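Take a look at the structure set out below.
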Amino acid sequence: MTVVAIDGPAGAGKSTVARAVADELGFTYLDTGAMYRGIALAAAERRVAPATIASTLKIEPGERILVDGRDVSDEIRTPEVSEAASRAAADPEVRRAVVEQQRRLIAAGDWVAEGRDIGTVVAPDAEVKVFLTADPEERARRRAVELGLDPARVLAEQTIRDERDRTREHSPLEPAAGAVVLDSTHMSLREVVARIAELVPGTRG
Ligand code: DC
């Protein structure tokens, strides 16, 4: 069993990179942010606090994201859910429930898991830990292109979420001990993927 942990702020390219690394190595990709998003969406719909449903909600993070059997892959990508997910992720009760599910999932098989606390909390023994980052303006530009939104608005909202993710008391965003820090601002996707794949034992590199 091998785990590649890729952490870093929003818009650093984690999802695209993690998917590509998983494809290249034949590992399974895990989008852990989608789990916080799924809980935030369900909580908003039910008008309850995310912590009240975090441990009972059935989240299946695969090719499509299922919450209690319903495909919410597109709904969880709106700016409103981004904001709600960032708030939900600051709640230690929510984190405890989600981390437990994630550890169960990655206990068997080979994974590329992407998020904010994979190398620090979820899988501190991961064989490979990467902290992927990029300049804030570049991260906002990439997200704006991806989502068809105004870059200035994305940057403003991203700044608030970055600050919350970095300064929250529980599992703040920071590079794990032993993580390789990669700044993707001036790197192509292929370069980033190649650098990470080289770090994985038993593959090329
Ligand atoms: O990566 P993302 O934008 O889909 O993540 C959504 C929110 O969840 C974001 O505010 C950060 C938070 N998150 C987290 O705290 N821990 C993770 N492992 C993944 C995401």
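Just so we're on the same page: first chain in the structure tokens is A, next is B, and so on; residues restart at 1 for each chain, and ligands are numbered from 1 in the order they show up.
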Within-7 Å residues of ligand 1, basis only C-alpha atoms and all ligand atoms, as a PyMOL selection string:
chain A and resi 10+32-34+36-37+82-83+85-87+89-90+114-118+161+165
Could the residues in this selection be saved with all heavy atoms as a short mmCIF file (atom, residue, chain, number, x, y, z; two decimals), in the first residue's frame?
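What landed in out_12.cif:
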data_model
loop_
_atom_site.label_atom_id
_atom_site.label_comp_id
_atom_site.auth_asym_id
_atom_site.auth_seq_id
_atom_site.Cartn_x
_atom_site.Cartn_y
_atom_site.Cartn_z
N ALA A 10 -6.09 26.41 -2.09
CA ALA A 10 -7.01 26.32 -3.23
C ALA A 10 -6.36 26.91 -4.47
O ALA A 10 -5.67 27.93 -4.40
CB ALA A 10 -8.30 27.08 -2.92
N THR A 32 -10.32 14.93 -1.08
CA THR A 32 -10.87 15.03 0.28
C THR A 32 -11.69 16.31 0.47
O THR A 32 -12.60 16.34 1.29
CB THR A 32 -9.77 14.97 1.36
OG1 THR A 32 -8.89 16.09 1.21
CG2 THR A 32 -8.98 13.68 1.25
N GLY A 33 -11.38 17.37 -0.29
CA GLY A 33 -12.16 18.60 -0.19
C GLY A 33 -13.60 18.37 -0.58
O GLY A 33 -14.53 18.98 -0.03
N ALA A 34 -13.82 17.45 -1.53
CA ALA A 34 -15.19 17.15 -1.98
C ALA A 34 -16.03 16.61 -0.83
O ALA A 34 -17.25 16.79 -0.81
CB ALA A 34 -15.15 16.15 -3.13
N TYR A 36 -15.77 17.53 2.41
CA TYR A 36 -16.22 18.70 3.19
C TYR A 36 -17.31 19.46 2.43
O TYR A 36 -18.28 19.96 3.01
CB TYR A 36 -15.04 19.63 3.51
CG TYR A 36 -14.07 19.01 4.49
CD1 TYR A 36 -12.92 18.37 4.06
CD2 TYR A 36 -14.34 19.02 5.86
CE1 TYR A 36 -12.04 17.77 4.95
CE2 TYR A 36 -13.47 18.44 6.77
CZ TYR A 36 -12.32 17.81 6.31
OH TYR A 36 -11.46 17.22 7.20
N ARG A 37 -17.15 19.53 1.11
CA ARG A 37 -18.15 20.20 0.29
C ARG A 37 -19.49 19.48 0.34
O ARG A 37 -20.56 20.10 0.44
CB ARG A 37 -17.66 20.30 -1.17
CG ARG A 37 -16.54 21.30 -1.36
CD ARG A 37 -15.94 21.25 -2.76
NE ARG A 37 -14.89 22.23 -2.89
CZ ARG A 37 -15.09 23.49 -3.30
NH1 ARG A 37 -16.30 23.88 -3.66
NH2 ARG A 37 -14.09 24.34 -3.37
N SER A 82 -18.31 26.57 -1.69
CA SER A 82 -16.90 26.75 -1.32
C SER A 82 -16.80 27.44 0.03
O SER A 82 -16.03 27.05 0.92
CB SER A 82 -16.16 27.62 -2.36
OG SER A 82 -16.12 26.98 -3.60
N GLU A 83 -17.58 28.48 0.18
CA GLU A 83 -17.56 29.25 1.43
C GLU A 83 -18.08 28.39 2.59
O GLU A 83 -17.47 28.34 3.66
CB GLU A 83 -18.44 30.51 1.23
CG GLU A 83 -18.70 31.34 2.47
CD GLU A 83 -17.44 31.92 3.09
OE1 GLU A 83 -16.40 32.02 2.39
OE2 GLU A 83 -17.48 32.24 4.30
N ALA A 85 -18.13 25.16 2.81
CA ALA A 85 -17.21 24.05 3.09
C ALA A 85 -16.03 24.52 3.92
O ALA A 85 -15.56 23.81 4.82
CB ALA A 85 -16.72 23.44 1.77
N SER A 86 -15.55 25.72 3.63
CA SER A 86 -14.42 26.27 4.38
C SER A 86 -14.82 26.45 5.85
O SER A 86 -14.04 26.18 6.77
CB SER A 86 -14.00 27.60 3.75
OG SER A 86 -13.12 28.30 4.59
N ARG A 87 -16.07 26.89 6.07
CA ARG A 87 -16.56 27.04 7.46
C ARG A 87 -16.73 25.68 8.12
O ARG A 87 -16.33 25.48 9.27
CB ARG A 87 -17.91 27.77 7.47
CG ARG A 87 -17.81 29.22 7.14
CD ARG A 87 -19.19 29.87 7.07
NE ARG A 87 -19.07 31.24 6.61
CZ ARG A 87 -18.73 32.25 7.40
NH1 ARG A 87 -18.54 32.05 8.69
NH2 ARG A 87 -18.60 33.47 6.91
N ALA A 89 -15.19 22.99 7.47
CA ALA A 89 -13.88 22.36 7.68
C ALA A 89 -13.13 22.93 8.88
O ALA A 89 -12.14 22.36 9.32
CB ALA A 89 -13.02 22.50 6.43
N ALA A 90 -13.63 24.06 9.40
CA ALA A 90 -12.99 24.65 10.59
C ALA A 90 -13.55 24.05 11.87
O ALA A 90 -13.03 24.30 12.97
CB ALA A 90 -13.20 26.17 10.59
N GLU A 114 -5.61 14.09 -1.98
CA GLU A 114 -5.35 15.52 -2.13
C GLU A 114 -6.22 16.31 -1.16
O GLU A 114 -7.39 15.99 -0.99
CB GLU A 114 -5.66 15.85 -3.59
CG GLU A 114 -5.82 17.27 -3.93
CD GLU A 114 -7.24 17.63 -4.30
OE1 GLU A 114 -7.86 16.91 -5.11
OE2 GLU A 114 -7.73 18.63 -3.75
N GLY A 115 -5.63 17.29 -0.46
CA GLY A 115 -6.42 18.09 0.47
C GLY A 115 -5.60 19.15 1.17
O GLY A 115 -4.78 19.83 0.54
N ARG A 116 -5.82 19.28 2.49
CA ARG A 116 -5.09 20.30 3.27
C ARG A 116 -4.31 19.67 4.43
O ARG A 116 -3.36 20.24 4.92
CB ARG A 116 -6.08 21.31 3.87
CG ARG A 116 -6.98 22.01 2.91
CD ARG A 116 -6.19 22.93 2.00
NE ARG A 116 -7.09 23.80 1.23
CZ ARG A 116 -7.88 23.40 0.25
NH1 ARG A 116 -7.92 22.14 -0.09
NH2 ARG A 116 -8.64 24.26 -0.41
N ASP A 117 -4.78 18.49 4.86
CA ASP A 117 -4.21 17.89 6.08
C ASP A 117 -3.85 16.43 5.86
O ASP A 117 -3.80 15.65 6.80
CB ASP A 117 -5.23 17.98 7.22
CG ASP A 117 -6.50 17.21 6.91
OD1 ASP A 117 -6.73 16.87 5.73
OD2 ASP A 117 -7.26 16.91 7.85
N ILE A 118 -3.62 16.03 4.62
CA ILE A 118 -3.36 14.61 4.36
C ILE A 118 -2.00 14.21 4.95
O ILE A 118 -1.89 13.23 5.69
CB ILE A 118 -3.40 14.29 2.84
CG1 ILE A 118 -4.69 14.84 2.21
CG2 ILE A 118 -3.29 12.78 2.61
CD1 ILE A 118 -5.96 14.39 2.89
N ARG A 161 -10.74 32.69 2.39
CA ARG A 161 -10.71 31.25 2.70
C ARG A 161 -9.29 30.79 3.05
O ARG A 161 -9.10 30.01 3.98
CB ARG A 161 -11.25 30.44 1.52
CG ARG A 161 -12.74 30.57 1.33
CD ARG A 161 -13.33 29.31 0.70
NE ARG A 161 -12.58 28.89 -0.48
CZ ARG A 161 -12.71 29.41 -1.69
NH1 ARG A 161 -13.54 30.41 -1.88
NH2 ARG A 161 -12.00 28.95 -2.70
N ASP A 165 -8.34 28.91 6.40
CA ASP A 165 -7.73 27.57 6.36
C ASP A 165 -6.37 27.57 7.08
O ASP A 165 -5.98 26.59 7.70
CB ASP A 165 -7.52 27.11 4.91
CG ASP A 165 -8.84 26.80 4.19
OD1 ASP A 165 -9.87 26.65 4.87
OD2 ASP A 165 -8.82 26.72 2.95
#
Spatial neighbours of Ser188 of chain A, 12 Å, only C-alpha atoms, chain gap at least 5 places, as a PDB file with all heavy atoms, in the first residue's frame:
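What ended up in selection_33.pdb:
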ATOM      1  N   ALA A  12      -3.954  25.773  -6.339  1.00  0.00           N
ATOM      2  CA  ALA A  12      -2.542  25.446  -6.612  1.00  0.00           C
ATOM      3  C   ALA A  12      -2.444  24.390  -7.708  1.00  0.00           C
ATOM      4  O   ALA A  12      -1.354  24.104  -8.197  1.00  0.00           O
ATOM      5  CB  ALA A  12      -1.850  24.972  -5.338  1.00  0.00           C
ATOM      6  N   GLY A  13      -3.589  23.804  -8.067  1.00  0.00           N
ATOM      7  CA  GLY A  13      -3.598  22.781  -9.117  1.00  0.00           C
ATOM      8  C   GLY A  13      -3.640  21.377  -8.543  1.00  0.00           C
ATOM      9  O   GLY A  13      -3.407  20.409  -9.275  1.00  0.00           O
ATOM     10  N   THR A  16      -6.073  18.682 -10.409  1.00  0.00           N
ATOM     11  CA  THR A  16      -5.580  18.297 -11.734  1.00  0.00           C
ATOM     12  C   THR A  16      -4.311  17.464 -11.602  1.00  0.00           C
ATOM     13  O   THR A  16      -4.167  16.419 -12.243  1.00  0.00           O
ATOM     14  CB  THR A  16      -5.277  19.569 -12.560  1.00  0.00           C
ATOM     15  OG1 THR A  16      -6.371  20.463 -12.433  1.00  0.00           O
ATOM     16  CG2 THR A  16      -5.050  19.234 -14.008  1.00  0.00           C
ATOM     17  N   VAL A  17      -3.397  17.932 -10.745  1.00  0.00           N
ATOM     18  CA  VAL A  17      -2.123  17.240 -10.554  1.00  0.00           C
ATOM     19  C   VAL A  17      -2.350  15.857  -9.935  1.00  0.00           C
ATOM     20  O   VAL A  17      -1.809  14.852 -10.409  1.00  0.00           O
ATOM     21  CB  VAL A  17      -1.185  18.091  -9.661  1.00  0.00           C
ATOM     22  CG1 VAL A  17      -0.021  17.269  -9.152  1.00  0.00           C
ATOM     23  CG2 VAL A  17      -0.700  19.319 -10.418  1.00  0.00           C
ATOM     24  N   ALA A 134       1.266  27.979  -5.201  1.00  0.00           N
ATOM     25  CA  ALA A 134       1.499  28.890  -6.326  1.00  0.00           C
ATOM     26  C   ALA A 134       1.142  30.287  -5.826  1.00  0.00           C
ATOM     27  O   ALA A 134       0.475  30.418  -4.788  1.00  0.00           O
ATOM     28  CB  ALA A 134       0.635  28.522  -7.536  1.00  0.00           C
ATOM     29  N   LEU A 182       6.463  22.244  -3.550  1.00  0.00           N
ATOM     30  CA  LEU A 182       6.545  22.521  -5.003  1.00  0.00           C
ATOM     31  C   LEU A 182       5.745  23.787  -5.308  1.00  0.00           C
ATOM     32  O   LEU A 182       4.553  23.854  -5.034  1.00  0.00           O
ATOM     33  CB  LEU A 182       5.923  21.372  -5.797  1.00  0.00           C
ATOM     34  CG  LEU A 182       6.758  20.148  -6.158  1.00  0.00           C
ATOM     35  CD1 LEU A 182       5.937  19.239  -7.063  1.00  0.00           C
ATOM     36  CD2 LEU A 182       8.036  20.569  -6.860  1.00  0.00           C
ATOM     37  N   ASP A 183       6.399  24.787  -5.877  1.00  0.00           N
ATOM     38  CA  ASP A 183       5.710  26.008  -6.294  1.00  0.00           C
ATOM     39  C   ASP A 183       5.414  25.886  -7.790  1.00  0.00           C
ATOM     40  O   ASP A 183       6.333  25.865  -8.607  1.00  0.00           O
ATOM     41  CB  ASP A 183       6.597  27.223  -6.020  1.00  0.00           C
ATOM     42  CG  ASP A 183       5.897  28.529  -6.354  1.00  0.00           C
ATOM     43  OD1 ASP A 183       4.998  28.527  -7.226  1.00  0.00           O
ATOM     44  OD2 ASP A 183       6.238  29.554  -5.745  1.00  0.00           O
ATOM     45  N   VAL A 193       3.650  16.939 -12.501  1.00  0.00           N
ATOM     46  CA  VAL A 193       3.320  15.508 -12.401  1.00  0.00           C
ATOM     47  C   VAL A 193       4.589  14.654 -12.448  1.00  0.00           C
ATOM     48  O   VAL A 193       4.752  13.720 -11.650  1.00  0.00           O
ATOM     49  CB  VAL A 193       2.341  15.101 -13.535  1.00  0.00           C
ATOM     50  CG1 VAL A 193       2.150  13.588 -13.585  1.00  0.00           C
ATOM     51  CG2 VAL A 193       1.002  15.797 -13.328  1.00  0.00           C
ATOM     52  N   ALA A 194       5.500  15.003 -13.340  1.00  0.00           N
ATOM     53  CA  ALA A 194       6.746  14.231 -13.463  1.00  0.00           C
ATOM     54  C   ALA A 194       7.561  14.312 -12.168  1.00  0.00           C
ATOM     55  O   ALA A 194       8.105  13.305 -11.696  1.00  0.00           O
ATOM     56  CB  ALA A 194       7.560  14.745 -14.647  1.00  0.00           C
ATOM     57  N   ARG A 195       7.636  15.502 -11.583  1.00  0.00           N
ATOM     58  CA  ARG A 195       8.404  15.673 -10.343  1.00  0.00           C
ATOM     59  C   ARG A 195       7.838  14.817  -9.216  1.00  0.00           C
ATOM     60  O   ARG A 195       8.571  14.203  -8.435  1.00  0.00           O
ATOM     61  CB  ARG A 195       8.395  17.150  -9.897  1.00  0.00           C
ATOM     62  CG  ARG A 195       9.268  18.023 -10.748  1.00  0.00           C
ATOM     63  CD  ARG A 195      10.715  17.984 -10.245  1.00  0.00           C
ATOM     64  NE  ARG A 195      10.880  18.773  -9.044  1.00  0.00           N
ATOM     65  CZ  ARG A 195      11.009  20.100  -9.044  1.00  0.00           C
ATOM     66  NH1 ARG A 195      11.024  20.764 -10.165  1.00  0.00           N
ATOM     67  NH2 ARG A 195      11.142  20.748  -7.911  1.00  0.00           N
TER      68      ARG A 195
END
Need the shell around Ala18 of chain A: protein/DNA/RNA residues with any atom at most 7 Å away, counting only C-alpha atoms. Skip same-chain ones fewer than 2 positions apart. Format as number ranges by chain?
A: 14-16, 20-22, 29, 112, 114
Please report the interatomic distance between atom CA of Ala88 of chain A and atom CA of Leu57 of chain A in Å with one decimal.
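Result for atom CA of Ala88 of chain A versus atom CA of Leu57 of chain A: 13.9 Å, one decimal.
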Under the rule that only C-alpha atoms are counted, which of A:Ser55, A:Glu191, A:Glu137, A:Gly178 is the nearest residue to Ala97 of chain A?
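Using only C-alpha atoms, Ala97 of chain A sits closest to A:Ser55.
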Residues near segment 128-133 of chain A, anyone? I mean within 9 Å using only C-alpha atoms, not counting same-chain ones fewer than 5 positions away, as a PyMOL selection string.
chain A and resi 2-14+116+118-119+139+174-185+196+199-201
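Between atom CA of Ala49 of chain A and atom CA of His170 of chain A the separation is 17.8 Å.
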Could you check how far atom CA of Gly62 of chain A sits from atom CA of Pro136 of chain A, in Å to one decimal?
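Here the two named atoms are 28.4 Å from each other.
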Among the residues A:Met1, A:Leu189, A:Ala42, A:Ala54, the one that comes closest to Pro92 of chain A [using only C-alpha atoms]
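When distances to Pro92 of chain A are compared using only C-alpha atoms, the smallest one comes from A:Ala54.
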Please identify which residues in segment 37-204 of chain A DSSP calls helix (DSSP H, G or I) from the backbone, and express them as a ChimeraX atom specification.
/A:37-46,50-53,75-77,79-88,92-106,118-122,136-147,151-167,189-199
Minimum-distance residue to Ser171 of chain A, chosen among A:Gln102, A:Thr28, A:Thr56, A:Thr120 (using only C-alpha atoms)
A:Thr120
